[in-house]
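Raw contents of query11.csv, CSV, C-alpha atoms and all ligand atoms:
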chain,number,residue,atom,x,y,z
A,692,MET,CA,-4.5,139.1,169.1
A,693,ARG,CA,-4.4,136.4,171.8
A,694,PHE,CA,-5.8,132.9,172.2
A,695,LYS,CA,-5.3,129.9,174.4
A,696,HIS,CA,-4.7,126.3,173.5
A,697,PRO,CA,-8.0,124.5,174.0
A,698,GLU,CA,-6.6,121.2,175.4
A,699,PRO,CA,-8.2,120.6,178.8
A,700,ALA,CA,-5.8,120.5,181.7
A,701,GLY,CA,-5.9,117.6,184.0
A,702,SER,CA,-3.9,114.6,185.1
A,703,SER,CA,-4.9,111.1,186.1
A,704,PRO,CA,-3.2,108.7,188.5
A,705,PRO,CA,-1.0,106.2,186.7
A,706,ILE,CA,-2.9,103.3,185.2
A,707,TYR,CA,-1.6,99.7,185.7
A,708,PRO,CA,-3.4,97.0,183.7
A,709,VAL,CA,-4.2,93.4,184.4
A,710,PHE,CA,-4.8,92.0,180.9
A,711,LEU,CA,-7.6,89.5,180.5
A,712,PRO,CA,-7.1,88.6,176.8
A,713,PHE,CA,-10.3,87.8,175.0
A,714,ALA,CA,-12.0,87.0,178.3
A,715,GLY,CA,-15.7,87.5,177.9
A,716,CYS,CA,-15.5,88.1,174.2
A,717,ARG,CA,-18.3,86.2,172.4
A,718,GLU,CA,-16.4,86.4,169.1
A,719,ARG,CA,-13.2,87.8,167.7
A,720,CYS,CA,-13.3,91.2,166.1
A,721,VAL,CA,-11.3,91.2,162.8
A,722,PHE,CA,-8.6,93.6,163.9
A,723,CYS,CA,-8.0,92.3,167.4
A,724,SER,CA,-4.7,90.7,168.4
A,725,GLN,CA,-4.5,90.5,172.2
A,726,GLU,CA,-1.3,88.6,171.8
A,727,ALA,CA,0.4,91.6,170.0
A,728,GLN,CA,-1.3,94.1,172.3
A,729,THR,CA,-1.0,92.4,175.7
A,730,GLY,CA,1.6,89.6,175.1
A,731,ARG,CA,-1.0,86.9,175.9
A,732,SER,CA,-3.5,85.2,173.7
A,733,SER,CA,-5.8,83.8,176.3
A,734,LEU,CA,-6.3,83.3,180.0
A,735,PRO,CA,-5.5,79.8,181.3
A,736,ASP,CA,-8.5,77.5,181.6
A,737,ALA,CA,-7.2,75.7,184.6
A,738,ASP,CA,-6.9,77.4,188.0
A,739,LEU,CA,-7.9,80.8,186.8
A,740,PRO,CA,-8.3,82.4,190.2
A,741,ALA,CA,-4.7,81.4,191.1
A,742,PHE,CA,-3.4,82.9,187.9
A,743,LEU,CA,-5.4,86.2,188.4
A,744,GLN,CA,-4.3,86.4,192.0
A,745,LYS,CA,-0.7,86.0,190.9
A,746,SER,CA,-1.1,88.7,188.2
A,747,LEU,CA,-2.6,91.1,190.8
A,748,ALA,CA,0.1,90.3,193.4
A,749,ALA,CA,2.9,90.9,190.8
A,750,LEU,CA,1.3,94.3,190.1
A,751,ILE,CA,0.8,95.3,193.7
A,752,GLY,CA,4.1,93.9,194.8
A,753,ARG,CA,6.2,96.4,192.8
A,754,SER,CA,6.9,99.6,194.7
A,755,ARG,CA,4.9,102.5,193.4
A,756,PRO,CA,5.4,106.1,194.2
A,757,GLN,CA,1.7,106.7,194.7
A,758,PRO,CA,-1.6,104.9,194.7
A,759,PHE,CA,-2.5,104.0,191.1
A,760,GLU,CA,-5.6,103.1,189.1
A,761,LEU,CA,-6.1,99.4,188.5
A,762,ALA,CA,-7.4,98.5,185.0
A,763,TYR,CA,-8.9,95.3,183.8
A,764,TYR,CA,-8.2,95.4,180.1
A,765,GLY,CA,-8.0,93.2,177.1
A,766,GLY,CA,-11.4,91.5,177.0
A,767,THR,CA,-15.1,92.2,177.7
A,768,PHE,CA,-15.1,92.7,181.4
A,769,THR,CA,-18.9,93.1,181.7
A,770,ALA,CA,-19.5,89.8,179.9
A,771,LEU,CA,-17.1,87.8,182.0
A,772,PRO,CA,-18.5,84.7,183.8
A,773,PRO,CA,-20.0,86.2,187.0
A,774,ALA,CA,-17.7,84.2,189.3
A,775,VAL,CA,-14.6,85.6,187.5
A,776,ARG,CA,-16.0,89.1,187.6
A,777,ASP,CA,-16.9,88.8,191.3
A,778,PHE,CA,-13.4,87.6,192.1
A,779,LEU,CA,-11.8,90.5,190.3
A,780,LEU,CA,-14.1,93.1,191.8
A,781,GLN,CA,-13.6,91.6,195.3
A,782,ARG,CA,-9.8,91.8,195.0
A,783,ALA,CA,-9.9,95.3,193.7
A,784,ALA,CA,-12.2,96.4,196.6
A,785,GLU,CA,-9.7,94.9,199.0
A,786,LEU,CA,-6.8,96.8,197.4
A,787,LYS,CA,-8.9,100.0,197.4
A,788,ALA,CA,-9.7,99.6,201.1
A,789,ALA,CA,-6.0,99.0,201.9
A,790,GLY,CA,-5.1,102.2,200.0
A,791,LYS,CA,-3.0,100.3,197.4
A,792,ILE,CA,-5.1,101.5,194.5
A,793,CYS,CA,-7.1,104.7,194.2
A,794,SER,CA,-9.6,103.7,191.5
A,795,LEU,CA,-10.7,101.0,189.2
A,796,ARG,CA,-11.5,100.9,185.5
A,797,CYS,CA,-12.4,98.3,183.0
A,798,SER,CA,-12.8,98.1,179.2
A,799,THR,CA,-15.8,96.5,177.6
A,800,ARG,CA,-18.0,96.5,174.5
A,801,PRO,CA,-21.0,98.7,174.0
A,802,ASP,CA,-23.4,95.7,173.6
A,803,ALA,CA,-22.3,94.2,176.9
A,804,VAL,CA,-23.6,96.8,179.3
A,805,THR,CA,-27.0,97.4,180.8
A,806,PRO,CA,-28.1,100.0,183.3
A,807,PRO,CA,-28.6,97.5,186.2
A,808,LEU,CA,-25.2,95.9,185.6
A,809,LEU,CA,-23.4,99.3,185.5
A,810,LEU,CA,-25.1,100.4,188.7
A,811,GLU,CA,-24.1,97.2,190.4
A,812,LEU,CA,-20.5,97.6,189.2
A,813,LYS,CA,-20.4,101.1,190.5
A,814,GLU,CA,-21.7,100.0,193.9
A,815,ARG,CA,-18.9,97.4,193.9
A,816,GLY,CA,-16.2,99.9,193.3
A,817,LEU,CA,-15.8,100.4,189.6
A,818,ASP,CA,-15.1,104.1,188.7
A,819,THR,CA,-14.5,104.2,185.0
A,820,VAL,CA,-15.7,102.3,181.9
A,821,GLU,CA,-13.8,102.4,178.7
A,822,LEU,CA,-16.1,101.5,175.8
A,823,GLY,CA,-14.5,100.0,172.7
A,824,VAL,CA,-17.0,101.9,170.5
A,825,GLN,CA,-14.6,101.9,167.5
A,826,SER,CA,-17.3,103.6,165.4
A,827,PHE,CA,-20.8,105.0,165.6
A,828,CYS,CA,-21.4,104.1,161.9
A,829,ASP,CA,-23.2,100.9,161.0
A,830,GLN,CA,-21.2,99.9,158.0
A,831,PRO,CA,-17.7,99.8,159.5
A,832,LEU,CA,-19.2,98.1,162.6
A,833,ALA,CA,-20.7,95.4,160.4
A,834,ARG,CA,-17.5,95.0,158.3
A,835,SER,CA,-15.5,94.6,161.4
A,836,ARG,CA,-17.9,91.9,162.8
A,837,ARG,CA,-18.6,94.0,165.8
A,838,ASN,CA,-22.3,92.9,165.7
A,839,TYR,CA,-23.9,96.0,167.2
A,840,SER,CA,-25.2,99.2,165.6
A,841,GLY,CA,-24.1,102.8,165.9
A,842,ASP,CA,-27.2,103.5,168.0
A,843,THR,CA,-26.3,100.7,170.4
A,844,ALA,CA,-22.9,102.3,170.8
A,845,ALA,CA,-24.3,105.8,171.5
A,846,ARG,CA,-26.9,104.3,173.9
A,847,ALA,CA,-24.1,102.5,175.8
A,848,CYS,CA,-22.1,105.7,176.2
A,849,ARG,CA,-25.2,107.4,177.7
A,850,MET,CA,-25.8,104.4,180.1
A,851,VAL,CA,-22.3,104.6,181.5
A,852,LYS,CA,-22.7,108.3,182.2
A,853,GLU,CA,-26.2,107.9,183.6
A,854,ALA,CA,-24.8,105.3,186.0
A,855,GLY,CA,-22.5,107.9,187.4
A,856,LEU,CA,-19.4,106.2,186.0
A,857,ARG,CA,-16.6,108.0,184.2
A,858,LEU,CA,-16.7,107.3,180.5
A,859,GLY,CA,-13.8,106.7,178.1
A,860,VAL,CA,-14.5,106.2,174.4
A,861,GLN,CA,-12.2,104.4,172.0
A,862,LEU,CA,-12.5,105.0,168.3
A,863,MET,CA,-10.7,103.3,165.5
A,864,PRO,CA,-10.3,105.5,162.4
A,865,GLY,CA,-9.7,103.4,159.3
A,866,MET,CA,-11.3,100.2,160.4
A,867,PRO,CA,-12.8,98.1,157.6
A,868,GLY,CA,-15.5,99.9,155.7
A,869,MET,CA,-14.8,103.3,157.2
A,870,SER,CA,-14.5,106.4,155.1
A,871,GLU,CA,-12.9,109.7,156.2
A,872,GLU,CA,-16.5,111.1,156.3
A,873,ASN,CA,-17.5,108.3,158.6
A,874,PHE,CA,-14.7,109.2,161.0
A,875,LYS,CA,-15.7,112.9,160.9
A,876,ARG,CA,-19.2,111.8,161.9
A,877,ASP,CA,-17.8,109.5,164.6
A,878,ALA,CA,-15.8,112.4,166.1
A,879,ALA,CA,-18.9,114.7,166.0
A,880,ILE,CA,-21.1,112.1,167.8
A,881,ALA,CA,-18.4,111.4,170.4
A,882,ALA,CA,-17.9,115.1,171.0
A,883,ASP,CA,-21.7,115.5,171.6
A,884,ILE,CA,-21.7,112.6,174.0
A,885,LYS,CA,-18.8,114.3,175.9
A,886,PRO,CA,-17.0,111.4,177.5
A,887,ASP,CA,-14.4,112.1,180.1
A,888,PHE,CA,-11.6,111.1,177.8
A,889,MET,CA,-11.0,109.5,174.3
A,890,ARG,CA,-8.5,107.1,172.9
A,891,LEU,CA,-7.9,107.1,169.1
A,892,TYR,CA,-6.4,103.9,167.6
A,893,PRO,CA,-5.9,104.1,163.8
A,894,CYS,CA,-6.6,100.6,162.5
A,895,LEU,CA,-3.5,98.5,161.9
A,896,VAL,CA,-3.2,95.1,160.4
A,897,LEU,CA,-1.7,92.9,163.1
A,898,GLY,CA,-0.3,89.4,162.4
A,899,GLY,CA,-2.6,86.5,163.2
A,900,THR,CA,-5.8,88.4,162.9
A,901,PRO,CA,-8.7,87.8,160.5
A,902,LEU,CA,-7.9,91.3,159.2
A,903,ALA,CA,-4.4,90.1,158.1
A,904,GLU,CA,-6.1,87.5,155.9
A,905,LEU,CA,-8.5,90.2,154.4
A,906,TRP,CA,-5.4,92.4,153.8
A,907,ARG,CA,-3.5,89.6,152.1
A,908,SER,CA,-6.4,88.8,149.9
A,909,GLY,CA,-6.8,92.4,148.9
A,910,ALA,CA,-10.2,92.7,150.5
A,911,PHE,CA,-8.9,95.3,153.0
A,912,THR,CA,-6.6,98.3,152.5
A,913,PRO,CA,-5.7,100.2,155.6
A,914,TRP,CA,-5.7,104.0,155.7
A,915,SER,CA,-2.5,105.6,154.7
A,916,LEU,CA,-0.5,107.6,157.3
A,917,GLU,CA,-1.3,110.7,155.2
A,918,ALA,CA,-5.1,110.0,155.7
A,919,VAL,CA,-4.6,109.7,159.4
A,920,LEU,CA,-2.5,112.9,159.5
A,921,ARG,CA,-5.2,114.7,157.5
A,922,THR,CA,-8.2,113.4,159.4
A,923,LEU,CA,-7.3,113.2,163.1
A,924,PRO,CA,-6.0,116.8,163.8
A,925,PRO,CA,-9.4,118.4,163.3
A,926,ALA,CA,-11.0,115.8,165.5
A,927,LEU,CA,-8.4,116.5,168.2
A,928,LEU,CA,-9.2,120.2,168.1
A,929,LEU,CA,-12.9,119.4,168.3
A,930,PHE,CA,-12.5,117.2,171.4
A,931,TRP,CA,-10.3,119.7,173.1
A,932,GLU,CA,-12.7,122.5,172.4
A,933,ARG,CA,-15.4,120.5,174.0
A,934,GLY,CA,-13.3,119.9,177.1
A,935,ILE,CA,-12.5,116.3,176.3
A,936,ARG,CA,-9.0,114.9,176.9
A,937,VAL,CA,-7.5,112.6,174.4
A,938,ILE,CA,-5.3,110.3,176.4
A,939,ARG,CA,-4.0,108.0,173.6
A,940,LEU,CA,-3.2,108.4,169.9
A,941,GLY,CA,-2.2,105.1,168.4
A,942,LEU,CA,-1.6,101.7,170.1
A,943,ALA,CA,0.5,101.7,173.2
A,944,PRO,CA,4.1,100.5,172.3
A,945,GLN,CA,3.9,97.1,174.1
A,946,ALA,CA,6.9,94.9,173.7
A,947,GLY,CA,6.7,92.9,170.5
A,948,LEU,CA,3.9,95.1,169.0
A,949,ARG,CA,6.0,96.7,166.2
A,950,GLU,CA,7.1,93.3,164.8
A,951,ASN,CA,3.5,92.2,164.6
A,952,ILE,CA,2.3,95.2,162.5
A,953,LEU,CA,1.9,94.0,158.9
A,954,ALA,CA,0.4,97.2,157.4
A,955,GLY,CA,-1.3,100.4,158.3
A,956,PRO,CA,-0.7,103.9,159.4
A,957,GLU,CA,1.9,103.4,162.1
A,958,HIS,CA,4.6,105.9,163.1
A,959,PRO,CA,6.7,105.9,166.3
A,960,ALA,CA,6.0,109.6,166.8
A,961,LEU,CA,2.4,109.5,165.6
A,962,GLY,CA,1.0,111.3,168.7
A,963,GLN,CA,3.5,114.1,168.4
A,964,ARG,CA,2.9,114.5,164.7
A,965,LEU,CA,-0.9,114.7,165.2
A,966,ARG,CA,-0.6,117.2,168.1
A,967,SER,CA,1.7,119.4,166.0
A,968,LEU,CA,-0.7,119.4,163.1
A,969,ALA,CA,-3.6,120.2,165.4
A,970,LEU,CA,-1.6,123.1,166.8
A,971,TYR,CA,-0.9,124.4,163.3
A,972,ARG,CA,-4.6,124.2,162.5
A,973,LEU,CA,-5.5,126.1,165.7
A,974,VAL,CA,-3.1,128.9,164.8
A,975,ARG,CA,-4.3,129.1,161.2
A,976,LEU,CA,-8.0,129.2,162.2
A,977,ASN,CA,-7.3,131.9,164.7
A,978,MET,CA,-5.5,134.0,162.1
A,979,GLU,CA,-8.4,133.5,159.7
A,980,GLN,CA,-11.0,134.5,162.3
A,981,ALA,CA,-9.0,137.6,163.3
A,982,GLY,CA,-8.5,138.6,159.6
A,983,LEU,CA,-4.8,138.4,160.0
A,984,PRO,CA,-3.2,137.9,156.6
A,985,GLU,CA,-0.4,135.4,156.0
A,986,GLY,CA,3.0,137.0,156.5
A,987,SER,CA,1.6,139.9,158.5
A,988,ALA,CA,2.9,138.9,162.0
A,989,ARG,CA,5.9,140.8,163.2
A,990,ARG,CA,6.2,138.6,166.3
A,991,PHE,CA,4.3,135.5,167.4
A,992,ARG,CA,4.6,134.5,171.0
A,993,VAL,CA,4.1,130.8,171.8
A,994,PRO,CA,3.9,129.3,175.3
A,995,ARG,CA,7.1,127.6,176.0
A,996,ARG,CA,5.5,124.3,176.8
A,997,PHE,CA,4.6,124.0,173.0
A,998,GLN,CA,8.2,124.5,172.0
A,999,GLY,CA,8.7,120.8,171.4
A,1000,GLU,CA,5.8,120.3,169.1
A,1001,PHE,CA,5.6,123.6,167.3
A,1002,TYR,CA,7.8,122.8,164.3
A,1003,GLY,CA,6.6,119.2,164.2
A,1004,HIS,CA,8.5,115.9,164.4
A,1005,GLY,CA,12.0,116.5,163.1
A,1006,GLY,CA,11.0,120.1,162.0
A,1007,GLU,CA,8.6,118.7,159.4
A,1008,LEU,CA,6.2,121.6,159.7
A,1009,LYS,CA,8.8,124.4,159.2
A,1010,ALA,CA,7.9,124.9,155.6
A,1011,THR,CA,4.2,124.9,156.4
A,1012,TRP,CA,4.6,127.5,159.0
A,1013,ALA,CA,6.8,129.6,156.6
A,1014,GLU,CA,3.8,129.7,154.3
A,1015,LEU,CA,1.9,131.5,157.1
A,1016,GLY,CA,4.9,133.8,157.5
A,1017,LEU,CA,5.9,132.3,160.8
A,1018,GLY,CA,9.4,130.9,161.6
A,1019,PRO,CA,12.5,131.3,163.7
A,1020,ALA,CA,12.8,135.0,162.8
A,1021,ASN,CA,9.5,136.0,164.4
A,1022,VAL,CA,8.4,133.1,166.6
A,1023,GLU,CA,9.4,133.4,170.2
A,1024,TRP,CA,8.8,131.2,173.3
A,1025,SER,CA,7.1,132.9,176.2
A,1026,ASP,CA,6.1,132.1,179.7
A,1027,GLN,CA,2.6,133.3,179.1
A,1028,GLU,CA,-0.3,130.9,179.0
A,1029,TYR,CA,-1.6,132.2,175.7
A,1030,PHE,CA,-0.5,132.5,172.1
A,1031,GLU,CA,-0.1,136.1,171.0
A,1032,PHE,CA,0.4,137.9,167.7
A,1033,VAL,CA,2.2,141.2,168.2
A,1101,LIG,S1,-11.7,94.1,170.2
A,1101,LIG,FE1,-12.4,93.8,172.3
A,1101,LIG,S2,-14.4,92.7,172.0
A,1101,LIG,FE2,-13.3,92.5,170.1
A,1101,LIG,S3,-12.2,90.5,170.3
A,1101,LIG,FE3,-10.8,92.2,171.0
A,1101,LIG,S4,-11.0,92.3,173.2
A,1101,LIG,FE4,-12.8,91.1,172.4

Let me see the file written as structure tokens.
Ligand code: SF4
Amino acid sequence: MRFKHPEPAGSSPPIYPVFLPFAGCRERCVFCSQEAQTGRSSLPDADLPAFLQKSLAALIGRSRPQPFELAYYGGTFTALPPAVRDFLLQRAAELKAAGKICSLRCSTRPDAVTPPLLLELKERGLDTVELGVQSFCDQPLARSRRNYSGDTAARACRMVKEAGLRLGVQLMPGMPGMSEENFKRDAAIAADIKPDFMRLYPCLVLGGTPLAELWRSGAFTPWSLEAVLRTLPPALLLFWERGIRVIRLGLAPQAGLRENILAGPEHPALGQRLRSLALYRLVRLNMEQAGLPEGSARRFRVPRRFQGEFYGHGGELKATWAELGLGPANVEWSDQEYFEFV
């Protein structure tokens, strides 16, 4: 019996961000700390164009092995004052024309996009929009003061695709008011929308955020690491099976981030642990579908590229695999593209 790993192949140019902390944000979402995530808490009020020009120059000035994708992150790009947005689009267009960057993306909120605006941005050189959807369920959105509904989030995703832009969807399992069932629903809706890629950021309590106060007062309890390890692997498999790449699991390890995490499901090898669990689930499901009883495999061939994640972080899944009758005695690494029970 043979099967392939469903993760879609594909690579993207390297992404280099210019952070615009809280720029364009009407209010502050309870979990958001741009300081912890980007190292800056705001853009300077005075001489903003000079500051942005300097940030871009620093980014472009460093030698890069290949053209890269420029990203305007950290705020609500589509709600920036028009003069600032124009300035940033113009600079990006010049860099694209000069061959310094190959593409441009921004992050924004679902309630800050309209079809005419998206079309205009596409005409002016934007290629990709990352929507900080966080959830498609009304209750967690309200509890996190996002101030839009799940329907608005789904509509915004469709708008981005209909404008001919690439779509990235960010979800936040474990945000205030979210149950594991909510997240399953979020994953199913996202999979149906079929964005070009996903990012999954389990909700953490970061210092200096309104969420930190809620956590201190006992009004918010983050998901446990176990809940994340239980809930995300099936979602990963679902996305991969629909041809959707998951390009981020957990917050990017910016300098100073770890010291700012007060509570929540954080682990330095979270991505690897989730991928290993998804792989285990994939194998188990294939065994069940093929009617292969536990302990019946004489040999199991695993594509070599999964060698690093098969037994899990620090071998934590060895005992779990052993329950299926799989382990060093009968698992072998192969140069085939598919998994094979012999
Ligand atoms: S999560 Fe996004 S929209 Fe909310 S405050 Fe942070 S940058 Fe602004």

Throw together the list of residues within 12 Å of ligand LIG 1101 (chain A), counting all atoms listed in the file, and drop it here as JSON, numbers by chain. {"A": [710, 711, 712, 713, 714, 715, 716, 717, 718, 719, 720, 721, 722, 723, 724, 725, 726, 727, 728, 729, 731, 732, 733, 763, 764, 765, 766, 767, 768, 769, 770, 771, 797, 798, 799, 800, 801, 802, 803, 821, 822, 823, 824, 825, 832, 835, 836, 837, 838, 839, 861, 862, 863, 866, 892, 894, 900, 901, 902]}

Surrounding residues of range 910-927 of chain A excluding itself and chain neighbours under 3 positions, 6 Å, all atoms listed in the file, as a PyMOL selection string: chain A and resi 865+878+905-906+930+955-956+965+968-969

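Shortest separation to Leu786 in chain A among A:Ala748, A:Leu810, A:Val820, A:Ala847 occurs at residue A:Ala748, atoms counted being only C-alpha atoms.
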
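Once Gly941 in chain A and its same-chain neighbours fewer than 2 positions away are set aside, Arg890, Leu891, Tyr892, Pro893, Cys894, Arg939, Ala943, Pro944, Glu957, His958, Leu961 and Gly962 of chain A remain within 9 Å of it when counting all atoms listed in the file.
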
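Remark: for Arg796 in chain A, the closest of the candidate residues A:Glu814, A:Glu760, A:Asp842, A:Asp777 is A:Glu760 (distances computed over all atoms listed in the file).
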
Residues near Ser987 in chain A, cut-off 10 Å, all atoms listed in the file, skip fewer than 6 positions along chain, as a short mmCIF file (atom, residue, chain, number, x, y, z; two decimals) with C-alpha atoms, in the coordinates of the input:
data_model
loop_
_atom_site.label_atom_id
_atom_site.label_comp_id
_atom_site.auth_asym_id
_atom_site.auth_seq_id
_atom_site.Cartn_x
_atom_site.Cartn_y
_atom_site.Cartn_z
CA MET A 978 -5.50 134.00 162.10
CA LEU A 1015 1.90 131.50 157.10
CA GLY A 1016 4.90 133.80 157.50
CA LEU A 1017 5.90 132.30 160.80
CA PHE A 1032 0.40 137.90 167.70
CA VAL A 1033 2.20 141.20 168.20
#

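Using all atoms listed in the file, the protein and nucleic acid residues lying no more than 8 Å from Lys1009 in chain A, apart from those fewer than 5 places from it along its own chain, are Tyr1002, Gly1003 and Gly1018 of chain A.
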
Block slice range 923-948 of chain A, N, CA and C atoms, emitted as a CSV table (one decimal), in the first residue's frame:
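Saved to decode-v8.csv:
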chain,number,residue,atom,x,y,z
A,923,LEU,N,-4.3,21.4,16.0
A,923,LEU,CA,-3.8,21.9,14.7
A,923,LEU,C,-3.4,20.8,13.7
A,924,PRO,N,-2.9,19.7,14.2
A,924,PRO,CA,-2.5,18.7,13.1
A,924,PRO,C,-3.6,18.3,12.2
A,925,PRO,N,-4.8,18.1,12.6
A,925,PRO,CA,-5.9,17.7,11.6
A,925,PRO,C,-6.1,18.9,10.7
A,926,ALA,N,-6.0,20.1,11.2
A,926,ALA,CA,-6.2,21.3,10.3
A,926,ALA,C,-5.1,21.4,9.3
A,927,LEU,N,-3.9,21.1,9.7
A,927,LEU,CA,-2.7,21.1,8.7
A,927,LEU,C,-3.0,20.1,7.6
A,928,LEU,N,-3.4,18.9,8.0
A,928,LEU,CA,-3.7,17.9,7.0
A,928,LEU,C,-4.8,18.3,6.0
A,929,LEU,N,-5.9,18.9,6.6
A,929,LEU,CA,-7.0,19.4,5.8
A,929,LEU,C,-6.5,20.5,4.8
A,930,PHE,N,-5.6,21.4,5.2
A,930,PHE,CA,-5.1,22.5,4.3
A,930,PHE,C,-4.3,21.8,3.2
A,931,TRP,N,-3.4,20.9,3.6
A,931,TRP,CA,-2.5,20.3,2.6
A,931,TRP,C,-3.3,19.5,1.6
A,932,GLU,N,-4.3,18.8,2.1
A,932,GLU,CA,-5.1,18.0,1.1
A,932,GLU,C,-5.9,18.9,0.2
A,933,ARG,N,-6.2,20.1,0.5
A,933,ARG,CA,-6.8,21.0,-0.4
A,933,ARG,C,-5.8,21.8,-1.2
A,934,GLY,N,-4.5,21.5,-1.1
A,934,GLY,CA,-3.5,22.2,-1.9
A,934,GLY,C,-3.1,23.5,-1.4
A,935,ILE,N,-3.3,23.8,-0.1
A,935,ILE,CA,-3.0,25.1,0.6
A,935,ILE,C,-1.7,24.9,1.4
A,936,ARG,N,-0.8,25.8,1.1
A,936,ARG,CA,0.5,25.7,1.9
A,936,ARG,C,0.3,26.4,3.2
A,937,VAL,N,0.9,25.9,4.2
A,937,VAL,CA,0.9,26.6,5.6
A,937,VAL,C,2.3,27.1,5.8
A,938,ILE,N,2.5,28.4,5.7
A,938,ILE,CA,3.9,28.9,5.7
A,938,ILE,C,4.4,29.3,7.0
A,939,ARG,N,3.5,29.3,8.0
A,939,ARG,CA,4.0,29.7,9.4
A,939,ARG,C,3.1,29.0,10.4
A,940,LEU,N,3.8,28.5,11.4
A,940,LEU,CA,3.1,27.8,12.6
A,940,LEU,C,3.7,28.5,13.8
A,941,GLY,N,3.0,29.4,14.5
A,941,GLY,CA,3.5,30.1,15.6
A,941,GLY,C,4.2,31.4,15.2
A,942,LEU,N,4.3,32.3,16.1
A,942,LEU,CA,4.9,33.6,15.8
A,942,LEU,C,6.4,33.5,15.4
A,943,ALA,N,6.8,34.3,14.5
A,943,ALA,CA,8.2,34.3,14.0
A,943,ALA,C,9.1,34.7,15.2
A,944,PRO,N,10.2,34.0,15.4
A,944,PRO,CA,11.1,34.3,16.5
A,944,PRO,C,11.8,35.6,16.4
A,945,GLN,N,11.1,36.8,16.5
A,945,GLN,CA,11.8,38.1,16.4
A,945,GLN,C,12.6,38.2,17.7
A,946,ALA,N,13.7,39.0,17.6
A,946,ALA,CA,14.5,39.2,18.8
A,946,ALA,C,13.6,39.9,19.9
A,947,GLY,N,13.7,39.4,21.1
A,947,GLY,CA,13.0,40.0,22.2
A,947,GLY,C,11.6,39.4,22.4
A,948,LEU,N,11.2,38.6,21.4
A,948,LEU,CA,9.8,38.1,21.5
A,948,LEU,C,9.6,37.2,22.8
